[in-house]
Amino acid sequence: MALQTKIYQKENNLRLGKLIRESISDMYASRFLAKQLAIRDIKGQYRQSYLGLIWAFITPLATAAIWIFLNSSGTLRISDTGIPYPVFAFSGTLLWSIITESINAPMNNTNSARNILSKINFPKEALIITGLYKLLFNSGIKVLLLFVFVFAFGVGFHWTLLLFPLILLAAVLFGTTIGLFLTPLGMLYTDVNRTIGFVLRFVMYATPVVYAVPKDGILKWVMELNPITPIVTVARDALVGGDFHYLLYFSIVVAVCVPLFFIAMVIYRISIPIIVERLSA
Amino acid sequence: MSEEVLVQVEGLSKKFCKDLKTSLLYGVKDLFYSLSGNTSERSLRNKEFWAVKDINFELRRGECLGLIGHNGAGKSTLLKMLNGLINPDAGKITMRGRVGALIELGAGFNPILSGRENIYNNGAVLGFSKKEIDGKVEEIIDFAELREFIDMPVQNYSSGMKVRLGFAVAAQMEPDVLIIDEVLAVGDLGFVLKCFKQIDRILPKTAIVFVSHSMPMVSRICNQIILMDQGEAVFQGTDVGKAIDKYYSRFSDNESSVVFDDGSIEKVEVNLIHEKASSENKILHWGEDLRLQLKLKVKASMEIPVFNIIIMDKEQRPVAILERKYFESRTVEAQNEVEFTITHPNVQLSKGIYFISIAVLKQVNLEPLLRINNLSTFQIVHDEQHWQPFLLKTSYDIVR
């Protein structure tokens, strides 16, 4: 058997095609590691908790409850959304929580793996894949609750509901790609993480999370520019079986995300040694 | 046919930055450089220094390279580069085959999960597949001797148990190149012995890079050595003993220290008596007589005290004590210097540097009066290097 040869030196190979191929083959090679780490984190997270999985949907449920209350008490007058408001608000906050979690996931996962990163050489892609697994697991639970909402408020079953998991995958991919681009810098400066949290708080109001896109005005313009808008809208449309708005924009976002995801992965791969060096020096 | 070269290191250098803020800024710059191919030559920037400078070596299957040097000499940085955790700033490393690293044991453990679950976590991080771990899990539990506690959360393990479990998993690796950092220093004696047995077992099939501060361990398993100081190789070669001597000579702080003094002894002095009076450096050949001159002055007259003359090795481990002598009913007068000659025939200590410590005890009840460590020093010269403290004179006769 020929021995596998590894060369470490300063110069990097910059042929994107080769890098992406290496990255994908490492993703494949580390599939067990990724799964194992995801199982470890999920089990670890819930074993020391009495309420367990309930924590996964308490935040979006609470946010939704506030908006439902504000709306029903007449404090805020929200223009008609076309579907029962509780379903609208809950689906919005839930999707929003999934997207923000996805954006934060790569950095959080890399950060919590700091210790092994500086001691053991393993395919770094596994950390990102682990993040995806965990996101899909958490989102899956939330979606179950969402379906309960959909039926409880009499929206009923539509065949488009079957598309929902795919849209969810797109949402997770979108968030992870953004997070992945920010991770190398974010590992060096904690400012990046704080900025993300800060900016996202504003972006939420420029996204149809708790209210629909207005008919006109500057907010309409901002919201229609925001790439998260089509994701949230299309997901919600799939839920209620309505006709899809922003489907073209949604397709463009997904089509751009896929190659960007692999490019971000390659950058991540190249950056890790530099980050490890600065963290453990 | 000589074995194939598994590790090849050429002109390897790495620099580090002394200041955190600057370091982070350089980190950002390096991120962008590395995305543009990193082809430009690197020189030291402001506040940087070479942590590893121009290291070269080759290692073949079955060989073991020892890396020694005081703290901060660049050993761990070199290991991290060999393991591919950080990239060099200059030079090149070529590794052939599966690389295993014993740098941290139990990586990937989650304290809240059971030992059994963590075997899978740790195994996955080390690159095993699920099937491989399934096949080895019982063996790992037995090796770690933790069957009774294997389903208990790892957070309730003692640190020794954690290390044992970590090593048991790592021991299942069958690497072509094995990198060992100071991990074996922890754990109890039984564990350390077990580790060595395991290393001995895989050594013939593996190229090992071994970092340690324990010179007996280094001389036991290494056949090549690099002594590092400030990132550079100050000694390199196959003469392990010489490198170890050099390593020890860097710690020249051998000041004698008074450990205990009840005030009754005015002065005690021990010197090596040389055959050649001119000899300054206290050298003795193996098999010669060890002759010491001992001078004693007491404050108030007393019976001649008893001397414990202890010989310690370079690591300050006592290796021998000279026979005591009771001078029955003889006294030393106050302020009167007495001189003894002490002879130990045919000294059989192995090659190396030794220190003499002395304890002066009252003759009647062996109550201590004075104890001084490192009162004097001498060196034994011999052709052979041994890590055992004694080289005993031996004869062999062919009987049949």
# chains A, B, ... in the order shown; residues from 1 in each chain; ligands from 1
$ closest_atom_pairs --of "chain A" --to "chain B" --cutoff "6 Å" --atoms "only C-alpha atoms" --output "JSON lines"
{"residue": "A:Leu3", "atom": "CA", "partner": "B:Gly97", "partner_atom": "CA", "distance": 4.6}
{"residue": "A:Gln4", "atom": "CA", "partner": "B:Gly97", "partner_atom": "CA", "distance": 4.9}
{"residue": "A:Thr5", "atom": "CA", "partner": "B:Arg96", "partner_atom": "CA", "distance": 4.4}
{"residue": "A:Lys6", "atom": "CA", "partner": "B:Met95", "partner_atom": "CA", "distance": 5.1}
{"residue": "A:Ile7", "atom": "CA", "partner": "B:Thr94", "partner_atom": "CA", "distance": 4.5}
{"residue": "A:Tyr8", "atom": "CA", "partner": "B:Ile93", "partner_atom": "CA", "distance": 5.1}
{"residue": "A:Gln9", "atom": "CA", "partner": "B:Lys92", "partner_atom": "CA", "distance": 4.8}
{"residue": "A:Lys10", "atom": "CA", "partner": "B:Pro88", "partner_atom": "CA", "distance": 5.4}
{"residue": "A:Glu11", "atom": "CA", "partner": "B:Asn38", "partner_atom": "CA", "distance": 4.9}
{"residue": "A:Asn12", "atom": "CA", "partner": "B:Gly37", "partner_atom": "CA", "distance": 4.8}
{"residue": "A:Leu33", "atom": "CA", "partner": "B:Ala124", "partner_atom": "CA", "distance": 4.8}
{"residue": "A:Ile116", "atom": "CA", "partner": "B:Ala107", "partner_atom": "CA", "distance": 5.9}
{"residue": "A:Asn121", "atom": "CA", "partner": "B:Leu85", "partner_atom": "CA", "distance": 6.0}
{"residue": "A:Pro273", "atom": "CA", "partner": "B:Ile86", "partner_atom": "CA", "distance": 4.4}
{"residue": "A:Glu277", "atom": "CA", "partner": "B:Ile86", "partner_atom": "CA", "distance": 5.8}
$ write_last_selection --atoms "all heavy atoms" --output "CSV table (one decimal), in the first residue's frame"
chain,number,residue,atom,x,y,z
A,3,LEU,N,2.1,4.9,0.7
A,3,LEU,CA,1.8,5.7,1.9
A,3,LEU,C,1.3,7.1,1.4
A,3,LEU,O,1.8,7.6,0.4
A,3,LEU,CB,3.1,5.9,2.7
A,3,LEU,CG,3.6,4.7,3.5
A,3,LEU,CD1,4.9,4.9,4.1
A,3,LEU,CD2,2.5,4.3,4.5
A,4,GLN,N,0.4,7.6,2.1
A,4,GLN,CA,-0.2,8.9,1.8
A,4,GLN,C,0.9,9.9,2.2
A,4,GLN,O,1.5,9.9,3.3
A,4,GLN,CB,-1.4,9.1,2.6
A,4,GLN,CG,-2.1,10.4,2.5
A,4,GLN,CD,-3.1,10.6,3.6
A,4,GLN,OE1,-3.2,9.7,4.5
A,4,GLN,NE2,-3.8,11.7,3.6
A,5,THR,N,1.1,10.9,1.4
A,5,THR,CA,2.2,11.9,1.7
A,5,THR,C,1.5,13.2,1.9
A,5,THR,O,0.7,13.7,1.2
A,5,THR,CB,3.2,12.0,0.5
A,5,THR,OG1,3.7,10.7,0.3
A,5,THR,CG2,4.3,13.0,0.8
A,6,LYS,N,2.0,13.9,3.0
A,6,LYS,CA,1.5,15.2,3.3
A,6,LYS,C,2.6,16.2,3.3
A,6,LYS,O,3.7,15.8,3.8
A,6,LYS,CB,0.8,15.2,4.7
A,6,LYS,CG,-0.7,14.8,4.6
A,6,LYS,CD,-1.3,15.0,6.0
A,6,LYS,CE,-2.0,13.7,6.4
A,6,LYS,NZ,-1.9,13.4,7.7
A,7,ILE,N,2.4,17.3,2.7
A,7,ILE,CA,3.5,18.3,2.7
A,7,ILE,C,3.0,19.6,3.4
A,7,ILE,O,1.9,20.1,3.1
A,7,ILE,CB,4.0,18.6,1.3
A,7,ILE,CG1,4.6,17.4,0.7
A,7,ILE,CG2,5.0,19.8,1.3
A,7,ILE,CD1,5.0,17.6,-0.8
A,8,TYR,N,3.8,20.0,4.4
A,8,TYR,CA,3.4,21.3,5.0
A,8,TYR,C,4.4,22.3,4.7
A,8,TYR,O,5.6,22.1,4.9
A,8,TYR,CB,3.3,21.1,6.5
A,8,TYR,CG,2.4,20.1,7.0
A,8,TYR,CD1,2.8,19.0,7.7
A,8,TYR,CD2,1.0,20.2,6.7
A,8,TYR,CE1,1.9,18.0,8.2
A,8,TYR,CE2,0.1,19.2,7.2
A,8,TYR,CZ,0.6,18.2,7.9
A,8,TYR,OH,-0.3,17.2,8.3
A,9,GLN,N,4.0,23.4,4.1
A,9,GLN,CA,4.9,24.5,3.9
A,9,GLN,C,4.2,25.8,3.8
A,9,GLN,O,3.0,25.9,3.9
A,9,GLN,CB,5.7,24.3,2.6
A,9,GLN,CG,4.8,24.2,1.4
A,9,GLN,CD,5.5,23.8,0.1
A,9,GLN,OE1,6.7,23.6,0.1
A,9,GLN,NE2,4.8,23.7,-1.0
A,10,LYS,N,4.9,26.9,3.7
A,10,LYS,CA,4.3,28.2,3.8
A,10,LYS,C,3.4,28.5,2.6
A,10,LYS,O,2.3,29.0,2.7
A,10,LYS,CB,5.4,29.3,3.8
A,10,LYS,CG,5.0,30.7,3.9
A,10,LYS,CD,6.2,31.6,3.8
A,10,LYS,CE,6.9,31.4,2.6
A,10,LYS,NZ,7.5,32.6,2.0
A,11,GLU,N,3.9,28.1,1.4
A,11,GLU,CA,3.1,28.4,0.2
A,11,GLU,C,1.8,27.6,0.1
A,11,GLU,O,1.8,26.5,0.5
A,11,GLU,CB,3.9,28.2,-1.1
A,11,GLU,CG,5.1,29.2,-1.3
A,11,GLU,CD,6.3,28.8,-0.4
A,11,GLU,OE1,6.3,27.7,0.2
A,11,GLU,OE2,7.2,29.7,-0.3
A,12,ASN,N,0.8,28.3,-0.3
A,12,ASN,CA,-0.5,27.6,-0.5
A,12,ASN,C,-0.7,27.2,-2.0
A,12,ASN,O,-0.4,28.0,-2.8
A,12,ASN,CB,-1.7,28.4,0.0
A,12,ASN,CG,-1.8,28.4,1.5
A,12,ASN,OD1,-1.6,27.3,2.1
A,12,ASN,ND2,-2.1,29.5,2.1
A,33,LEU,N,-16.9,11.4,12.1
A,33,LEU,CA,-16.5,12.4,13.1
A,33,LEU,C,-17.6,13.5,13.3
A,33,LEU,O,-18.0,13.8,14.4
A,33,LEU,CB,-15.2,13.0,12.7
A,33,LEU,CG,-14.7,14.2,13.5
A,33,LEU,CD1,-14.5,13.8,15.0
A,33,LEU,CD2,-13.4,14.7,13.0
A,116,ILE,N,-9.3,21.3,20.9
A,116,ILE,CA,-8.8,20.2,20.0
A,116,ILE,C,-8.1,20.7,18.8
A,116,ILE,O,-7.2,20.1,18.3
A,116,ILE,CB,-9.9,19.1,19.7
A,116,ILE,CG1,-11.2,19.7,19.3
A,116,ILE,CG2,-10.0,18.1,20.8
A,116,ILE,CD1,-12.2,18.6,18.8
A,121,ASN,N,-4.8,17.1,14.8
A,121,ASN,CA,-5.1,17.4,13.4
A,121,ASN,C,-6.2,16.5,12.9
A,121,ASN,O,-6.1,15.3,12.8
A,121,ASN,CB,-3.8,17.1,12.6
A,121,ASN,CG,-3.9,17.8,11.2
A,121,ASN,OD1,-5.0,18.3,10.8
A,121,ASN,ND2,-2.8,17.8,10.5
A,273,PRO,N,-5.1,27.0,10.3
A,273,PRO,CA,-3.7,27.0,10.9
A,273,PRO,C,-3.3,28.4,11.4
A,273,PRO,O,-2.7,28.5,12.4
A,273,PRO,CB,-2.8,26.6,9.7
A,273,PRO,CG,-3.7,25.8,8.8
A,273,PRO,CD,-5.1,26.5,8.9
A,277,GLU,N,-2.5,29.2,15.3
A,277,GLU,CA,-1.3,29.8,15.7
A,277,GLU,C,-1.4,31.1,16.5
A,277,GLU,O,-0.7,31.2,17.5
A,277,GLU,CB,-0.6,30.2,14.4
A,277,GLU,CG,0.7,31.0,14.5
A,277,GLU,CD,1.2,31.5,13.2
A,277,GLU,OE1,0.8,30.9,12.1
A,277,GLU,OE2,1.9,32.5,13.1
$ select_by_dssp --residues "segment 76-120 of chain B" --states "alpha helix (DSSP H)" --output "list in words"
Ser76, Thr77, Leu78, Leu79, Lys80, Met81, Leu82, Gly115, Arg116, Glu117, Asn118, Ile119 and Tyr120 of chain B
$ select_by_dssp --residues "segment 24-205 of chain B" --states "strand (DSSP E)" --output "number ranges by chain"
B: 48-60, 64-68, 90-96, 99-102, 177-180
$ residues_around --residues "Lys220 of chain A" --least-positions-apart "5" --cutoff "10 Å" --atoms "only C-alpha atoms" --output "JSON, numbers by chain"
{"A": [206, 207, 208, 212, 213, 214, 215, 225, 226]}
$ closest_residue --among "B:Ile150, B:Ile226, B:Ala168, B:Ile356" --to "Ile133 of chain B" --atoms "only C-alpha atoms"
B:Ala168
$ residues_around --residues "Trp96 of chain A" --least-positions-apart "5" --cutoff "10 Å" --atoms "only C-alpha atoms" --output "count of residues only"
15
$ residues_around --residues "Thr130 of chain A" --least-positions-apart "5" --cutoff "7 Å" --atoms "only C-alpha atoms" --output "number ranges by chain"
A: 34-35, 37-38
$ atom_distance --atom1 "atom CA of Ala126 of chain A" --atom2 "atom CA of Gly175 of chain A"
17.2 Å
$ residues_around --residues "Val234 of chain B" --least-positions-apart "4" --cutoff "12 Å" --atoms "only C-alpha atoms" --output "PDB file with N, CA and C atoms, in the first residue's frame"
ATOM      1  N   VAL B  52      11.119  28.863  16.105  1.00  0.00           N
ATOM      2  CA  VAL B  52      11.825  27.694  15.570  1.00  0.00           C
ATOM      3  C   VAL B  52      12.617  28.210  14.387  1.00  0.00           C
ATOM      4  N   LYS B  53      13.881  27.876  14.331  1.00  0.00           N
ATOM      5  CA  LYS B  53      14.710  28.448  13.267  1.00  0.00           C
ATOM      6  C   LYS B  53      15.558  27.383  12.591  1.00  0.00           C
ATOM      7  N   ASP B  54      15.295  27.180  11.324  1.00  0.00           N
ATOM      8  CA  ASP B  54      16.144  26.376  10.463  1.00  0.00           C
ATOM      9  C   ASP B  54      16.437  24.986  11.026  1.00  0.00           C
ATOM     10  N   ILE B  55      15.397  24.226  11.226  1.00  0.00           N
ATOM     11  CA  ILE B  55      15.545  22.857  11.720  1.00  0.00           C
ATOM     12  C   ILE B  55      15.529  21.891  10.529  1.00  0.00           C
ATOM     13  N   ASN B  56      16.461  20.956  10.524  1.00  0.00           N
ATOM     14  CA  ASN B  56      16.525  19.950   9.459  1.00  0.00           C
ATOM     15  C   ASN B  56      16.694  18.579  10.085  1.00  0.00           C
ATOM     16  N   LEU B  67      13.451  15.150  21.205  1.00  0.00           N
ATOM     17  CA  LEU B  67      13.587  16.613  21.161  1.00  0.00           C
ATOM     18  C   LEU B  67      13.709  17.075  22.596  1.00  0.00           C
ATOM     19  N   ILE B  68      14.871  17.644  22.935  1.00  0.00           N
ATOM     20  CA  ILE B  68      15.010  18.128  24.305  1.00  0.00           C
ATOM     21  C   ILE B  68      15.396  19.595  24.280  1.00  0.00           C
ATOM     22  N   GLY B  69      15.278  20.227  25.403  1.00  0.00           N
ATOM     23  CA  GLY B  69      15.563  21.652  25.533  1.00  0.00           C
ATOM     24  C   GLY B  69      14.742  22.199  26.669  1.00  0.00           C
ATOM     25  N   ALA B  73      11.926  26.446  24.366  1.00  0.00           N
ATOM     26  CA  ALA B  73      12.995  26.323  23.376  1.00  0.00           C
ATOM     27  C   ALA B  73      12.439  26.112  21.974  1.00  0.00           C
ATOM     28  N   ILE B 225      18.864  12.590  18.321  1.00  0.00           N
ATOM     29  CA  ILE B 225      18.460  13.618  19.267  1.00  0.00           C
ATOM     30  C   ILE B 225      18.734  15.019  18.727  1.00  0.00           C
ATOM     31  N   ILE B 226      17.830  15.933  19.093  1.00  0.00           N
ATOM     32  CA  ILE B 226      18.063  17.344  18.791  1.00  0.00           C
ATOM     33  C   ILE B 226      17.897  18.110  20.094  1.00  0.00           C
ATOM     34  N   LEU B 227      18.929  18.872  20.436  1.00  0.00           N
ATOM     35  CA  LEU B 227      18.831  19.744  21.602  1.00  0.00           C
ATOM     36  C   LEU B 227      18.529  21.137  21.090  1.00  0.00           C
ATOM     37  N   MET B 228      17.393  21.680  21.519  1.00  0.00           N
ATOM     38  CA  MET B 228      16.985  22.990  21.010  1.00  0.00           C
ATOM     39  C   MET B 228      17.195  24.064  22.050  1.00  0.00           C
ATOM     40  N   ASP B 229      17.572  25.234  21.561  1.00  0.00           N
ATOM     41  CA  ASP B 229      17.666  26.391  22.437  1.00  0.00           C
ATOM     42  C   ASP B 229      17.280  27.610  21.625  1.00  0.00           C
ATOM     43  N   GLN B 230      16.332  28.348  22.101  1.00  0.00           N
ATOM     44  CA  GLN B 230      15.818  29.529  21.413  1.00  0.00           C
ATOM     45  C   GLN B 230      15.494  29.242  19.958  1.00  0.00           C
ATOM     46  N   LYS B 242      25.687  12.617  24.695  1.00  0.00           N
ATOM     47  CA  LYS B 242      26.358  13.908  24.635  1.00  0.00           C
ATOM     48  C   LYS B 242      25.331  15.046  24.691  1.00  0.00           C
ATOM     49  N   ALA B 243      24.245  14.846  23.973  1.00  0.00           N
ATOM     50  CA  ALA B 243      23.206  15.879  23.962  1.00  0.00           C
ATOM     51  C   ALA B 243      22.626  16.045  25.356  1.00  0.00           C
ATOM     52  N   ILE B 244      22.457  14.925  26.052  1.00  0.00           N
ATOM     53  CA  ILE B 244      21.890  15.002  27.401  1.00  0.00           C
ATOM     54  C   ILE B 244      22.850  15.731  28.334  1.00  0.00           C
ATOM     55  N   LYS B 246      24.945  17.997  27.480  1.00  0.00           N
ATOM     56  CA  LYS B 246      24.858  19.419  27.121  1.00  0.00           C
ATOM     57  C   LYS B 246      23.594  20.034  27.717  1.00  0.00           C
ATOM     58  N   TYR B 247      22.516  19.249  27.653  1.00  0.00           N
ATOM     59  CA  TYR B 247      21.252  19.738  28.204  1.00  0.00           C
ATOM     60  C   TYR B 247      21.415  20.047  29.687  1.00  0.00           C
ATOM     61  N   ARG B 250      23.327  23.132  30.741  1.00  0.00           N
ATOM     62  CA  ARG B 250      22.659  24.429  30.615  1.00  0.00           C
ATOM     63  C   ARG B 250      22.028  24.848  31.936  1.00  0.00           C
TER      64      ARG B 250
END
$ residues_around --residues "Glu174 of chain B" --least-positions-apart "3" --cutoff "10 Å" --atoms "only C-alpha atoms" --output "list of chain:residue names"
B:Arg98, B:Val99, B:Gly100, B:Ala170, B:Ala171, B:Val177, B:Leu178, B:Ile202, B:Lys205, B:Thr206
$ closest_residue --among "A:Trp67, A:Phe244, A:Ala264, A:Phe137" --to "Ile20 of chain A" --atoms "only C-alpha atoms"
A:Ala264
$ closest_residue --among "A:Leu117, A:Ala56, A:Met223, A:Ala170" --to "Leu144 of chain A" --atoms "only C-alpha atoms"
A:Ala56
$ closest_residue --among "A:Leu166, A:Leu180, A:Val266, A:Val87" --to "Ala105 of chain A" --atoms "only C-alpha atoms"
A:Leu180
$ closest_residue --among "A:Thr190, A:Thr160, A:Thr100, A:Thr195" --to "Thr177 of chain A" --atoms "only C-alpha atoms"
A:Thr100
$ closest_residue --among "A:Ser97, A:Phe69, A:Ile252, A:Ala62" --to "Arg201 of chain A" --atoms "only C-alpha atoms"
A:Ser97
